[in-house]
$ cat upload.cif   # mmCIF, N, CA, C and O atoms
data_start
loop_
_atom_site.label_atom_id
_atom_site.label_comp_id
_atom_site.auth_asym_id
_atom_site.auth_seq_id
_atom_site.Cartn_x
_atom_site.Cartn_y
_atom_site.Cartn_z
N MET A 406 35.30 17.84 98.11
CA MET A 406 34.90 18.61 96.96
C MET A 406 35.64 19.95 96.89
O MET A 406 35.98 20.39 95.83
N LEU A 407 35.81 20.61 98.04
CA LEU A 407 36.52 21.88 98.04
C LEU A 407 37.96 21.69 97.60
O LEU A 407 38.49 22.47 96.79
N ARG A 408 38.62 20.66 98.09
CA ARG A 408 40.01 20.38 97.67
C ARG A 408 40.05 20.16 96.16
O ARG A 408 40.94 20.67 95.47
N GLN A 409 39.12 19.38 95.63
CA GLN A 409 39.08 19.10 94.20
C GLN A 409 38.87 20.39 93.40
O GLN A 409 39.51 20.60 92.37
N ALA A 410 37.99 21.26 93.88
CA ALA A 410 37.75 22.53 93.19
C ALA A 410 39.01 23.38 93.17
O ALA A 410 39.35 23.98 92.15
N ILE A 411 39.72 23.45 94.29
CA ILE A 411 40.96 24.24 94.36
C ILE A 411 42.00 23.67 93.41
O ILE A 411 42.65 24.40 92.66
N MET A 412 42.16 22.35 93.40
CA MET A 412 43.18 21.73 92.56
C MET A 412 42.81 21.81 91.07
O MET A 412 43.69 21.79 90.21
N SER A 413 41.52 21.97 90.75
CA SER A 413 41.07 22.02 89.35
C SER A 413 41.02 23.43 88.79
O SER A 413 40.96 23.61 87.57
N CYS A 414 41.03 24.41 89.65
CA CYS A 414 40.87 25.79 89.22
C CYS A 414 42.15 26.29 88.53
O CYS A 414 43.26 25.97 88.93
N ARG A 415 41.97 27.10 87.50
CA ARG A 415 43.12 27.67 86.79
C ARG A 415 43.80 28.71 87.68
O ARG A 415 43.17 29.30 88.56
N SER A 416 45.06 28.95 87.43
CA SER A 416 45.79 29.98 88.18
C SER A 416 45.10 31.32 88.01
O SER A 416 44.68 31.68 86.90
N GLY A 417 44.96 32.05 89.11
CA GLY A 417 44.29 33.34 89.08
C GLY A 417 42.78 33.25 89.11
O GLY A 417 42.10 34.27 89.10
N GLY A 418 42.24 32.02 89.15
CA GLY A 418 40.79 31.84 89.13
C GLY A 418 40.16 31.98 90.50
O GLY A 418 40.82 32.32 91.48
N ALA A 419 38.87 31.72 90.56
CA ALA A 419 38.12 31.85 91.81
C ALA A 419 37.38 30.54 92.10
O ALA A 419 36.82 29.93 91.21
N VAL A 420 37.40 30.14 93.36
CA VAL A 420 36.62 29.00 93.84
C VAL A 420 35.56 29.58 94.77
O VAL A 420 35.89 30.31 95.71
N SER A 421 34.30 29.27 94.49
CA SER A 421 33.20 29.80 95.31
C SER A 421 32.46 28.67 95.99
O SER A 421 32.18 27.65 95.39
N VAL A 422 32.15 28.87 97.26
CA VAL A 422 31.35 27.92 98.04
C VAL A 422 30.09 28.67 98.46
O VAL A 422 30.17 29.63 99.21
N ILE A 423 28.95 28.22 97.93
CA ILE A 423 27.68 28.89 98.20
C ILE A 423 26.79 27.93 98.96
O ILE A 423 26.64 26.78 98.58
N GLY A 424 26.19 28.39 100.02
CA GLY A 424 25.29 27.55 100.80
C GLY A 424 25.92 27.22 102.13
O GLY A 424 26.69 27.98 102.68
N VAL A 425 25.61 26.06 102.63
CA VAL A 425 26.10 25.62 103.93
C VAL A 425 27.23 24.64 103.72
O VAL A 425 27.08 23.64 103.05
N TYR A 426 28.39 24.95 104.25
CA TYR A 426 29.54 24.05 104.17
C TYR A 426 29.89 23.68 105.59
O TYR A 426 30.42 24.50 106.33
N GLY A 427 29.57 22.47 105.99
CA GLY A 427 29.74 22.07 107.38
C GLY A 427 30.99 21.25 107.61
O GLY A 427 31.52 20.63 106.70
N GLY A 428 31.44 21.27 108.81
CA GLY A 428 32.55 20.41 109.20
C GLY A 428 33.91 21.06 109.03
O GLY A 428 34.05 22.14 108.46
N LEU A 429 34.89 20.36 109.51
CA LEU A 429 36.27 20.81 109.39
C LEU A 429 36.86 20.32 108.08
O LEU A 429 36.46 19.30 107.54
N ILE A 430 37.84 21.04 107.59
CA ILE A 430 38.51 20.65 106.35
C ILE A 430 39.87 20.07 106.69
O ILE A 430 40.73 20.77 107.23
N ASP A 431 40.05 18.81 106.38
CA ASP A 431 41.31 18.13 106.63
C ASP A 431 42.18 18.21 105.38
O ASP A 431 41.68 18.08 104.27
N LYS A 432 43.45 18.46 105.55
CA LYS A 432 44.41 18.52 104.44
C LYS A 432 44.01 19.55 103.39
O LYS A 432 44.02 19.32 102.21
N PHE A 433 43.67 20.73 103.86
CA PHE A 433 43.31 21.84 102.98
C PHE A 433 44.54 22.25 102.18
O PHE A 433 45.59 22.53 102.75
N PRO A 434 44.46 22.30 100.84
CA PRO A 434 45.63 22.59 100.00
C PRO A 434 45.99 24.08 99.97
O PRO A 434 45.89 24.74 98.93
N ALA A 435 46.41 24.60 101.10
CA ALA A 435 46.73 26.03 101.20
C ALA A 435 47.86 26.42 100.24
O ALA A 435 47.86 27.53 99.71
N GLY A 436 48.81 25.54 100.02
CA GLY A 436 49.92 25.85 99.10
C GLY A 436 49.42 26.11 97.69
O GLY A 436 49.80 27.10 97.05
N ALA A 437 48.56 25.23 97.17
CA ALA A 437 48.01 25.41 95.83
C ALA A 437 47.17 26.68 95.76
O ALA A 437 47.21 27.42 94.78
N TRP A 438 46.42 26.93 96.81
CA TRP A 438 45.57 28.12 96.88
C TRP A 438 46.42 29.38 96.81
O TRP A 438 46.15 30.29 96.03
N MET A 439 47.49 29.45 97.59
CA MET A 439 48.34 30.63 97.64
C MET A 439 49.23 30.76 96.41
O MET A 439 49.31 31.82 95.79
N ASN A 440 49.93 29.68 96.03
CA ASN A 440 50.91 29.75 94.94
C ASN A 440 50.28 30.02 93.58
O ASN A 440 50.95 30.53 92.69
N ARG A 441 49.00 29.67 93.43
CA ARG A 441 48.34 29.88 92.14
C ARG A 441 47.43 31.10 92.16
O ARG A 441 46.64 31.33 91.25
N SER A 442 47.53 31.91 93.23
CA SER A 442 46.77 33.17 93.35
C SER A 442 45.27 32.98 93.15
O SER A 442 44.62 33.72 92.42
N LEU A 443 44.73 31.97 93.82
CA LEU A 443 43.30 31.71 93.71
C LEU A 443 42.52 32.60 94.67
O LEU A 443 43.00 32.94 95.75
N THR A 444 41.34 32.97 94.28
CA THR A 444 40.42 33.70 95.14
C THR A 444 39.42 32.70 95.69
O THR A 444 38.82 31.95 94.93
N LEU A 445 39.25 32.67 97.00
CA LEU A 445 38.30 31.79 97.65
C LEU A 445 37.16 32.66 98.17
O LEU A 445 37.37 33.55 98.99
N ARG A 446 35.95 32.41 97.65
CA ARG A 446 34.78 33.19 98.02
C ARG A 446 33.76 32.28 98.68
O ARG A 446 33.54 31.16 98.23
N THR A 447 33.14 32.75 99.73
CA THR A 447 32.13 31.97 100.42
C THR A 447 30.92 32.83 100.77
O THR A 447 31.01 34.06 100.76
N GLY A 448 29.83 32.19 101.07
CA GLY A 448 28.65 32.91 101.51
C GLY A 448 27.43 32.02 101.53
O GLY A 448 27.37 31.01 100.85
N GLN A 449 26.47 32.43 102.33
CA GLN A 449 25.21 31.71 102.40
C GLN A 449 24.39 32.01 101.15
O GLN A 449 24.49 33.09 100.57
N CYS A 450 23.58 31.07 100.75
CA CYS A 450 22.67 31.27 99.63
C CYS A 450 21.57 32.25 100.05
O CYS A 450 21.08 32.19 101.18
N HIS A 451 21.16 33.13 99.17
CA HIS A 451 20.09 34.09 99.45
C HIS A 451 18.74 33.42 99.20
O HIS A 451 18.09 33.65 98.17
N VAL A 452 18.34 32.57 100.14
CA VAL A 452 17.15 31.73 99.97
C VAL A 452 15.91 32.55 99.66
O VAL A 452 15.18 32.25 98.73
N ARG A 453 15.69 33.61 100.42
CA ARG A 453 14.46 34.41 100.21
C ARG A 453 14.44 35.05 98.83
O ARG A 453 13.38 35.23 98.24
N ARG A 454 15.59 35.39 98.30
CA ARG A 454 15.65 36.03 96.98
C ARG A 454 15.32 35.06 95.86
O ARG A 454 14.68 35.42 94.88
N TYR A 455 15.77 33.81 95.98
CA TYR A 455 15.65 32.85 94.88
C TYR A 455 14.52 31.85 95.02
O TYR A 455 14.13 31.21 94.05
N MET A 456 13.95 31.68 96.22
CA MET A 456 12.98 30.62 96.44
C MET A 456 11.74 30.75 95.56
O MET A 456 11.35 29.80 94.88
N LEU A 457 11.09 31.90 95.54
CA LEU A 457 9.86 32.06 94.76
C LEU A 457 10.11 31.90 93.25
O LEU A 457 9.38 31.14 92.60
N PRO A 458 11.12 32.57 92.66
CA PRO A 458 11.35 32.36 91.22
C PRO A 458 11.68 30.91 90.88
O PRO A 458 11.24 30.40 89.84
N LEU A 459 12.44 30.23 91.74
CA LEU A 459 12.75 28.82 91.47
C LEU A 459 11.52 27.95 91.59
O LEU A 459 11.30 27.06 90.75
N LEU A 460 10.70 28.18 92.59
CA LEU A 460 9.47 27.42 92.76
C LEU A 460 8.55 27.60 91.55
O LEU A 460 7.96 26.64 91.05
N GLU A 461 8.46 28.82 91.05
CA GLU A 461 7.64 29.08 89.86
C GLU A 461 8.16 28.32 88.64
O GLU A 461 7.39 27.76 87.87
N ARG A 462 9.48 28.26 88.49
CA ARG A 462 10.07 27.52 87.35
C ARG A 462 9.84 26.02 87.50
O ARG A 462 9.63 25.32 86.51
N ILE A 463 9.88 25.51 88.74
CA ILE A 463 9.59 24.10 88.98
C ILE A 463 8.14 23.81 88.61
O ILE A 463 7.84 22.83 87.92
N GLU A 464 7.22 24.68 89.04
CA GLU A 464 5.80 24.49 88.75
C GLU A 464 5.52 24.54 87.25
O GLU A 464 4.62 23.85 86.76
N ARG A 465 6.27 25.34 86.49
CA ARG A 465 6.09 25.42 85.03
C ARG A 465 6.79 24.26 84.30
O ARG A 465 6.67 24.13 83.09
N GLY A 466 7.53 23.44 85.03
CA GLY A 466 8.22 22.31 84.42
C GLY A 466 9.55 22.67 83.79
O GLY A 466 10.13 21.86 83.08
N GLU A 467 10.07 23.86 84.06
CA GLU A 467 11.34 24.29 83.49
C GLU A 467 12.52 23.68 84.23
O GLU A 467 13.60 23.54 83.65
N ILE A 468 12.33 23.35 85.49
CA ILE A 468 13.38 22.76 86.33
C ILE A 468 12.82 21.49 86.95
O ILE A 468 11.69 21.48 87.45
N ASP A 469 13.60 20.42 86.91
CA ASP A 469 13.20 19.15 87.54
C ASP A 469 14.09 18.90 88.75
O ASP A 469 15.25 18.53 88.60
N PRO A 470 13.58 19.11 89.96
CA PRO A 470 14.40 18.96 91.16
C PRO A 470 14.55 17.51 91.63
O PRO A 470 15.26 17.25 92.60
N THR A 471 13.94 16.56 90.95
CA THR A 471 13.90 15.18 91.47
C THR A 471 15.28 14.54 91.55
O THR A 471 15.47 13.63 92.34
N ARG A 472 16.24 15.01 90.78
CA ARG A 472 17.57 14.37 90.82
C ARG A 472 18.30 14.60 92.14
O ARG A 472 19.22 13.86 92.48
N ILE A 473 17.90 15.63 92.89
CA ILE A 473 18.58 15.88 94.17
C ILE A 473 17.77 15.39 95.37
O ILE A 473 18.26 15.39 96.49
N ILE A 474 16.51 14.97 95.14
CA ILE A 474 15.67 14.49 96.24
C ILE A 474 16.02 13.03 96.51
O ILE A 474 15.83 12.17 95.65
N THR A 475 16.55 12.77 97.70
CA THR A 475 16.93 11.40 98.05
C THR A 475 15.94 10.75 99.01
O THR A 475 15.91 9.53 99.11
N HIS A 476 15.16 11.56 99.72
CA HIS A 476 14.23 11.01 100.71
C HIS A 476 12.93 11.82 100.72
O HIS A 476 12.96 13.05 100.61
N THR A 477 11.81 11.12 100.86
CA THR A 477 10.51 11.75 101.02
C THR A 477 9.90 11.19 102.30
O THR A 477 9.82 9.97 102.46
N LEU A 478 9.50 12.09 103.20
CA LEU A 478 8.97 11.67 104.50
C LEU A 478 7.69 12.42 104.81
O LEU A 478 7.49 13.54 104.33
N PRO A 479 6.82 11.82 105.65
CA PRO A 479 5.65 12.58 106.10
C PRO A 479 6.08 13.70 107.04
O PRO A 479 7.14 13.62 107.68
N LEU A 480 5.29 14.75 107.10
CA LEU A 480 5.60 15.92 107.91
C LEU A 480 5.88 15.55 109.36
O LEU A 480 6.72 16.17 110.01
N GLU A 481 5.21 14.52 109.85
CA GLU A 481 5.41 14.09 111.24
C GLU A 481 6.84 13.61 111.51
O GLU A 481 7.26 13.51 112.66
N GLU A 482 7.57 13.28 110.46
CA GLU A 482 8.94 12.78 110.62
C GLU A 482 10.00 13.84 110.30
O GLU A 482 11.13 13.53 109.93
N THR A 483 9.62 15.12 110.48
CA THR A 483 10.54 16.23 110.20
C THR A 483 11.84 16.10 110.99
O THR A 483 12.93 16.26 110.43
N GLU A 484 11.73 15.82 112.27
CA GLU A 484 12.93 15.73 113.10
C GLU A 484 13.86 14.62 112.60
O GLU A 484 15.07 14.82 112.50
N ARG A 485 13.30 13.47 112.27
CA ARG A 485 14.11 12.37 111.74
C ARG A 485 14.78 12.77 110.42
O ARG A 485 15.96 12.49 110.19
N GLY A 486 14.03 13.44 109.55
CA GLY A 486 14.59 13.88 108.29
C GLY A 486 15.73 14.87 108.46
O GLY A 486 16.75 14.80 107.78
N PHE A 487 15.57 15.80 109.41
CA PHE A 487 16.62 16.78 109.67
C PHE A 487 17.87 16.09 110.20
O PHE A 487 18.98 16.40 109.75
N GLU A 488 17.70 15.18 111.13
CA GLU A 488 18.85 14.45 111.68
C GLU A 488 19.55 13.64 110.60
O GLU A 488 20.78 13.59 110.54
N MET A 489 18.79 13.00 109.74
CA MET A 489 19.36 12.21 108.65
C MET A 489 20.17 13.10 107.71
O MET A 489 21.28 12.76 107.31
N PHE A 490 19.61 14.28 107.39
CA PHE A 490 20.32 15.22 106.52
C PHE A 490 21.57 15.76 107.20
O PHE A 490 22.66 15.78 106.63
N LYS A 491 21.41 16.21 108.44
CA LYS A 491 22.53 16.81 109.18
C LYS A 491 23.70 15.84 109.33
O LYS A 491 24.86 16.22 109.18
N ASN A 492 23.39 14.59 109.60
CA ASN A 492 24.42 13.58 109.83
C ASN A 492 24.78 12.78 108.57
O ASN A 492 25.55 11.83 108.66
N LYS A 493 24.21 13.17 107.44
CA LYS A 493 24.48 12.51 106.15
C LYS A 493 24.30 11.00 106.24
O LYS A 493 25.11 10.23 105.73
N GLN A 494 23.20 10.59 106.87
CA GLN A 494 22.89 9.16 106.99
C GLN A 494 22.13 8.71 105.74
O GLN A 494 21.40 9.48 105.12
N ASN A 495 22.30 7.44 105.37
CA ASN A 495 21.57 6.85 104.24
C ASN A 495 21.74 7.64 102.95
O ASN A 495 20.82 7.78 102.16
N ASP A 496 22.94 8.23 102.74
CA ASP A 496 23.22 9.03 101.54
C ASP A 496 22.21 10.15 101.34
O ASP A 496 21.85 10.49 100.22
N CYS A 497 21.76 10.75 102.43
CA CYS A 497 20.74 11.80 102.38
C CYS A 497 21.34 13.10 101.84
O CYS A 497 22.33 13.60 102.35
N GLU A 498 20.69 13.64 100.81
CA GLU A 498 21.08 14.94 100.27
C GLU A 498 19.96 15.96 100.37
O GLU A 498 20.19 17.12 100.67
N LYS A 499 18.75 15.53 100.08
CA LYS A 499 17.60 16.45 100.14
C LYS A 499 16.38 15.66 100.58
O LYS A 499 16.06 14.62 100.01
N VAL A 500 15.67 16.18 101.59
CA VAL A 500 14.46 15.56 102.10
C VAL A 500 13.27 16.42 101.73
O VAL A 500 13.29 17.63 101.91
N VAL A 501 12.25 15.79 101.17
CA VAL A 501 10.98 16.48 100.89
C VAL A 501 9.99 15.98 101.93
O VAL A 501 9.84 14.76 102.13
N LEU A 502 9.32 16.92 102.60
CA LEU A 502 8.31 16.58 103.61
C LEU A 502 6.93 16.72 103.00
O LEU A 502 6.62 17.73 102.39
N LYS A 503 6.11 15.69 103.18
CA LYS A 503 4.75 15.70 102.66
C LYS A 503 3.75 15.89 103.79
O LYS A 503 3.80 15.16 104.76
N PRO A 504 2.84 16.88 103.68
CA PRO A 504 1.84 17.08 104.74
C PRO A 504 0.82 15.95 104.77
O PRO A 504 0.64 15.23 103.85
#

$ encode --input "upload.cif" --output "structure tokens"
Amino acid sequence: MLRQAIMSCRSGGAVSVIGVYGGLIDKFPAGAWMNRSLTLRTGQCHVRRYMLPLLERIERGEIDPTRIITHTLPLEETERGFEMFKNKQNDCEKVVLKP
């Protein structure tokens, strides 16, 4: 995805990676990045800043998060859910834990 973003960005534009980007990048297009004067910006998401306002919008029905939820597990299976997410098993993107 990062390679695709770099190759799709207009010259002089910016590519931003927000959140957790794990793993090594193979065949990183450094030439395209440098020759087209792209700005590469990264950073962790400010979870504490956005969590409450987003949760309130979900509760009001303004945002539907179901399109990103791929797995729902009981709270007792937290460790399994984390491992599945971390290792990208079973096409896992987002796990919701139910108490």

$ select_by_dssp --input "upload.cif" --residues "region 412-498 of chain A" --states "helix (DSSP H, G or I)" --output "number ranges by chain"
A: 412-413, 435-440, 452-464, 470-472, 480-491, 494-496

$ residues_around --input "upload.cif" --residues "Arg415 (chain A)" --least-positions-apart "6" --cutoff "7 Å" --atoms "only N, CA, C and O atoms" --output "number ranges by chain"
A: 441-443

$ resolve_selection --input "upload.cif" --expression "the PyMOL selection byres ((chain A and resi 479-490) around 7)" --output "PyMOL selection string"
chain A and resi 477-478+491-504

$ select_by_dssp --input "upload.cif" --residues "chain A" --states "strand (DSSP E)" --output "MDAnalysis selection string"
chainID A and resid 419:423 444:448 476:479 500:503

$ residues_around --input "upload.cif" --residues "Ser421 (chain A)" --least-positions-apart "5" --cutoff "8 Å" --atoms "only N, CA, C and O atoms" --output "PyMOL selection string"
chain A and resi 407+410-411+444-448

$ atom_distance --input "upload.cif" --atom1 "atom C of Arg454 (chain A)" --atom2 "atom C of Gly418 (chain A)"
25.6 Å

$ residues_around --input "upload.cif" --residues "Pro434 (chain A)" --least-positions-apart "4" --cutoff "6 Å" --atoms "all atoms listed in the file" --output "PyMOL selection string"
chain A and resi 408+438-439

$ atom_distance --input "upload.cif" --atom1 "CA of His451 (chain A)" --atom2 "CA of Ser413 (chain A)"
26.2 Å

$ atom_distance --input "upload.cif" --atom1 "atom C of Asn440 (chain A)" --atom2 "atom O of Ser416 (chain A)"
8.9 Å
